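Student: Can you read through this structure? Questions will come right after.
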Amino acid sequence: MPHTENVWVADDDRSIRWVLERTLQKAGIAARSFETADQVIAALRSEQPDALMTDIRMPGTDGLILLERMQREYPSIPVIIMTAHSDLESAVSAYQGGAFEYLPKPFDVNEALELVRRACKMRREREGEKAPDQVLELLGGRDIIGHAPAMQEVFRAIGRLSKSSITALITGESGTGKELVAKALHTHSPRSSKPFIALNTAAIPRELLESELFGHEKGAFTGAYAQRKGRFEQADGGALFLDEIGDMPAELQTRLLRVLAEGTFYRVGGHTPVKVDVRIIAATHQNLEELVHKGQFREDLFHRLNVIRIHNPPLRERREDIPLLLNHFLHRAAEELQVESKTLSSRVTEHLQTLPWPGNVRQLENTCRWLTVMASGREIVMDDLPAELLDSDPGKTEIPDNWEKALAQFADYKLNKGDMNLLTELNPIFERILLQAALKKTGGRKIEAADLLGWGRNTLTRKLKELEVEDV
Ligand SMILES: Nc1ncnc2c1ncn2[C@@H]1O[C@H](COP(=O)(O)OP(=O)(O)OP(=O)(O)O)[C@@H](O)[C@H]1O
């Protein structure tokens, strides 16, 4: 699983720290800087970087001693030695000390970046991939990326809750990673070996929701040919993630409240109480207090769910994470599509950092997939961006008129590269993009989405599986 690289810079020169930090961050690499080698030594006790860039002459311990220590204690972390005294002696000492590379000052930032990338690659090869602190690793799942203070707050909350099975409510706009956080809460809980069952309340037709949650007995209604366990029973011992809880119909709110209070319920059409032990993690993009105020959400249920609240900030409030996320999703899209990973020109990164991203991380993730398919070169430049991303006015959604041209260019590029079976590779991507757009439009309602696409309902269900599209 790719992760965001974490590189440390030690230099007593503030401007060098500033330039390197900025260059690395723009390239999607997390950077942390230190004024002295002693600060690095102290920080190493709690975490380690993927690579270290250090000056030689600094107040206190010098860079070569730090290098020696790194070699002894963390031999797999590559160290790049930087120095203004670019004489033979310091270069030789650096290499003898086991430095990965020697970088004389003044240096070209691109050269420095290239070196860092090579160092991180070597580290990965030496160590296998490891998650640094700004990536919360989910066992067998996906990483949560976030360097911004508000995301660190989310990570801390997950950490603090890791010994408990307390009910949690996750709030945040659509696409901010609420489900990801819910999974992380579960993965890092005492229940992690038990199931995590997710149910999107808004995506299930009202009349099916009750049996979806509580199951039904054979013959409970027309079509109930056999007894069926609901999500509550499936989640027994584990966690039930109730997404879009604000959309839960009133009568089910009452039933849910009863299960939470008593730990038992009846299957639809059933007379025997079923006992379960389920941790509830609920999520909503709505303001539940307001819904309570308007009488649309039960106040007692609200208080039961609102024991611990975790808020996922919208992407526009943590723009510093955008380069990290772009890097992460470009890698992942390349892996998914089995193509070479693309990079972004610094102008594109800067521009994308200024956009409002109303669809939050999900929109950014889809953009990375789109760019991986559509951009013609290895480096993504401004011309590659679709029209709607060139205009930062959130109200305006122009249709990109260049997609056919871009696709034609992309086809030329693939053919020139000697690729075969283009349609086999690209058709599913095309279908996946349209399917996701239709589901987004209908808020996850599949039958309506099938109509929008001109597919039958069964085709849509089959495609969801084949194309591995997650329910929105
Ligand atoms: N911090 C993050 N790091 C990495 N990936 C993220 C992050 N936040 C969101 N994602 C990705 O963005 C997509 C949307 O996330 P998720 O489904 O968890 O959002 P959500 O808030 O539950 O959305 P909705 O309210 O629409 O259901 C997922 O593919 C998820 O993996």
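Order determines the names: the first chain of the structure tokens is A, the second B, and so forth; residues in each chain are numbered 1 upward, and ligands are numbered 1 upward as they are shown.
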Write out as an MDAnalysis selection string each polymer residue (protein, DNA or RNA) that has an atom no more than 7 Å from ligand 1, with only C-alpha atoms and all ligand atoms counted.
Tutor: chainID A and resid 142:146 172:181 243:244 284:285 325 361:362 365 472
Student: Do you know which residues are at most 10 Å from Arg304 in chain A counting only C-alpha atoms, after dropping those on the same chain fewer than 6 positions away, and could you put them as a ChimeraX atom specification?
Tutor: /A:167-169,257,260-261,280
Student: Go ahead and dump the residues you just picked, C-alpha atoms, as a PDB file, in the first residue's frame.
Tutor:
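The result, stored in part_32.pdb:
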ATOM      1  CA  THR A 167     -20.816   4.842  20.752  1.00  0.00           C
ATOM      2  CA  ALA A 168     -19.418   7.480  18.427  1.00  0.00           C
ATOM      3  CA  LEU A 169     -20.915  10.048  16.097  1.00  0.00           C
ATOM      4  CA  LEU A 257     -33.400   3.695  20.456  1.00  0.00           C
ATOM      5  CA  LEU A 260     -29.611   0.697  22.138  1.00  0.00           C
ATOM      6  CA  ALA A 261     -31.318   0.799  25.507  1.00  0.00           C
ATOM      7  CA  ILE A 280     -22.880   1.790  17.064  1.00  0.00           C
TER       8      ILE A 280
END
Student: Report, in Å with one decimal, the straight-line distance from CA of Ala184 in chain A to CA of Ala438 in chain A.
Tutor: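 It comes out at 28.2 Å.
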Student: Of the candidates A:Arg228, A:Lys465, A:Arg124, A:His186, which one gets nearest to Ser76 in chain A if we count only C-alpha atoms?
Tutor: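 Smallest separation from Ser76 in chain A among the options: A:Arg124.
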Student: Which residues, written as a list of chain:residue names, have at least one atom at most 6 Å from range 368-373 of chain A, with only C-alpha atoms counted and residues fewer than 5 positions away on the same chain left out?
Tutor: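 Residues meeting the cut-off are A:Phe329, A:Leu330, A:Ala333.
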Student: Put those residues in a file: C-alpha atoms, as a short mmCIF file (atom, residue, chain, number, x, y, z; two decimals), in the first residue's frame.
Tutor:
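What ended up in result.cif:
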data_model
loop_
_atom_site.label_atom_id
_atom_site.label_comp_id
_atom_site.auth_asym_id
_atom_site.auth_seq_id
_atom_site.Cartn_x
_atom_site.Cartn_y
_atom_site.Cartn_z
CA PHE A 329 -4.32 9.04 -4.97
CA LEU A 330 -2.16 9.41 -8.08
CA ALA A 333 -4.88 5.25 -9.39
#
Student: Using only C-alpha atoms, which protein or nucleic acid residues come within 10 Å of Thr54 in chain A? Drop anything in the same chain fewer than 6 positions from it, and give the result as a list in words.
Tutor: Trp8, Val9, Ala10, Asp11, Asp12, Ser33, Phe34, Glu35, Thr36, Ala37, Val40, Asp62, Gly63, Leu64, Leu66, Leu67, Val79, Ile80, Ile81, Met82, Thr83, Tyr102 and Leu103 of chain A
Student: Go ahead and dump the residues you just picked, N, CA and C atoms, as an mmCIF file, in the first residue's frame.
Tutor:
data_model
loop_
_atom_site.group_PDB
_atom_site.id
_atom_site.type_symbol
_atom_site.label_atom_id
_atom_site.label_comp_id
_atom_site.auth_asym_id
_atom_site.auth_seq_id
_atom_site.Cartn_x
_atom_site.Cartn_y
_atom_site.Cartn_z
ATOM 1 N N TRP A 8 12.697 14.346 7.135
ATOM 2 C CA TRP A 8 13.119 15.338 8.117
ATOM 3 C C TRP A 8 14.313 16.123 7.580
ATOM 4 N N VAL A 9 14.328 17.391 7.975
ATOM 5 C CA VAL A 9 15.417 18.271 7.564
ATOM 6 C C VAL A 9 16.029 18.865 8.819
ATOM 7 N N ALA A 10 17.362 18.733 8.965
ATOM 8 C CA ALA A 10 18.028 19.365 10.104
ATOM 9 C C ALA A 10 19.033 20.379 9.571
ATOM 10 N N ASP A 11 18.799 21.638 9.906
ATOM 11 C CA ASP A 11 19.709 22.685 9.458
ATOM 12 C C ASP A 11 19.496 23.903 10.345
ATOM 13 N N ASP A 12 20.605 24.544 10.734
ATOM 14 C CA ASP A 12 20.416 25.722 11.579
ATOM 15 C C ASP A 12 20.079 26.960 10.749
ATOM 16 N N SER A 33 11.021 19.967 10.067
ATOM 17 C CA SER A 33 12.394 20.437 10.155
ATOM 18 C C SER A 33 12.816 20.746 11.578
ATOM 19 N N PHE A 34 14.138 20.691 11.767
ATOM 20 C CA PHE A 34 14.757 20.848 13.081
ATOM 21 C C PHE A 34 15.953 21.782 12.957
ATOM 22 N N GLU A 35 16.180 22.547 14.056
ATOM 23 C CA GLU A 35 17.310 23.475 14.022
ATOM 24 C C GLU A 35 18.616 22.800 14.376
ATOM 25 N N THR A 36 18.537 21.738 15.174
ATOM 26 C CA THR A 36 19.773 21.082 15.618
ATOM 27 C C THR A 36 19.644 19.564 15.507
ATOM 28 N N ALA A 37 20.812 18.924 15.511
ATOM 29 C CA ALA A 37 20.842 17.455 15.475
ATOM 30 C C ALA A 37 20.273 16.894 16.781
ATOM 31 N N VAL A 40 16.706 16.376 16.570
ATOM 32 C CA VAL A 40 16.372 15.186 15.764
ATOM 33 C C VAL A 40 16.496 13.941 16.641
ATOM 34 N N ASP A 62 27.100 17.571 15.774
ATOM 35 C CA ASP A 62 27.139 17.915 14.349
ATOM 36 C C ASP A 62 26.529 16.806 13.482
ATOM 37 N N GLY A 63 26.368 17.134 12.209
ATOM 38 C CA GLY A 63 25.655 16.240 11.295
ATOM 39 C C GLY A 63 26.342 14.894 11.104
ATOM 40 N N LEU A 64 27.701 14.894 11.185
ATOM 41 C CA LEU A 64 28.389 13.617 10.958
ATOM 42 C C LEU A 64 28.203 12.668 12.150
ATOM 43 N N LEU A 66 25.555 12.768 14.007
ATOM 44 C CA LEU A 66 24.154 12.321 13.859
ATOM 45 C C LEU A 66 24.092 11.154 12.861
ATOM 46 N N LEU A 67 24.850 11.310 11.776
ATOM 47 C CA LEU A 67 24.894 10.262 10.756
ATOM 48 C C LEU A 67 25.374 8.933 11.361
ATOM 49 N N VAL A 79 20.359 8.795 4.929
ATOM 50 C CA VAL A 79 20.692 10.145 5.392
ATOM 51 C C VAL A 79 21.377 10.898 4.256
ATOM 52 N N ILE A 80 20.859 12.075 3.971
ATOM 53 C CA ILE A 80 21.490 12.925 2.952
ATOM 54 C C ILE A 80 22.228 14.031 3.694
ATOM 55 N N ILE A 81 23.511 14.122 3.436
ATOM 56 C CA ILE A 81 24.308 15.138 4.136
ATOM 57 C C ILE A 81 24.409 16.382 3.261
ATOM 58 N N MET A 82 24.057 17.543 3.850
ATOM 59 C CA MET A 82 24.156 18.799 3.091
ATOM 60 C C MET A 82 25.216 19.657 3.766
ATOM 61 N N THR A 83 26.009 20.308 2.983
ATOM 62 C CA THR A 83 26.905 21.251 3.627
ATOM 63 C C THR A 83 27.363 22.340 2.686
ATOM 64 N N TYR A 102 25.522 12.916 -0.768
ATOM 65 C CA TYR A 102 26.124 14.134 -0.283
ATOM 66 C C TYR A 102 25.639 15.277 -1.162
ATOM 67 N N LEU A 103 25.135 16.305 -0.560
ATOM 68 C CA LEU A 103 24.536 17.390 -1.349
ATOM 69 C C LEU A 103 25.205 18.723 -1.020
#
Student: Based on DSSP run over this structure's backbone, return all residues of range 335-454 of chain A in helix (DSSP H, G or I), as a PyMOL selection string.
Tutor: chain A and resi 335-337+346-354+360-374+382-384+387-390+403-416+422-441+446-453
Student: Residues within 10 Å of range 288-290 of chain A, please, as number ranges by chain. Count only C-alpha atoms; anything in the same chain fewer than 6 positions from it doesn't count.
Tutor: A: 171, 245-246, 296-299, 302-303, 306
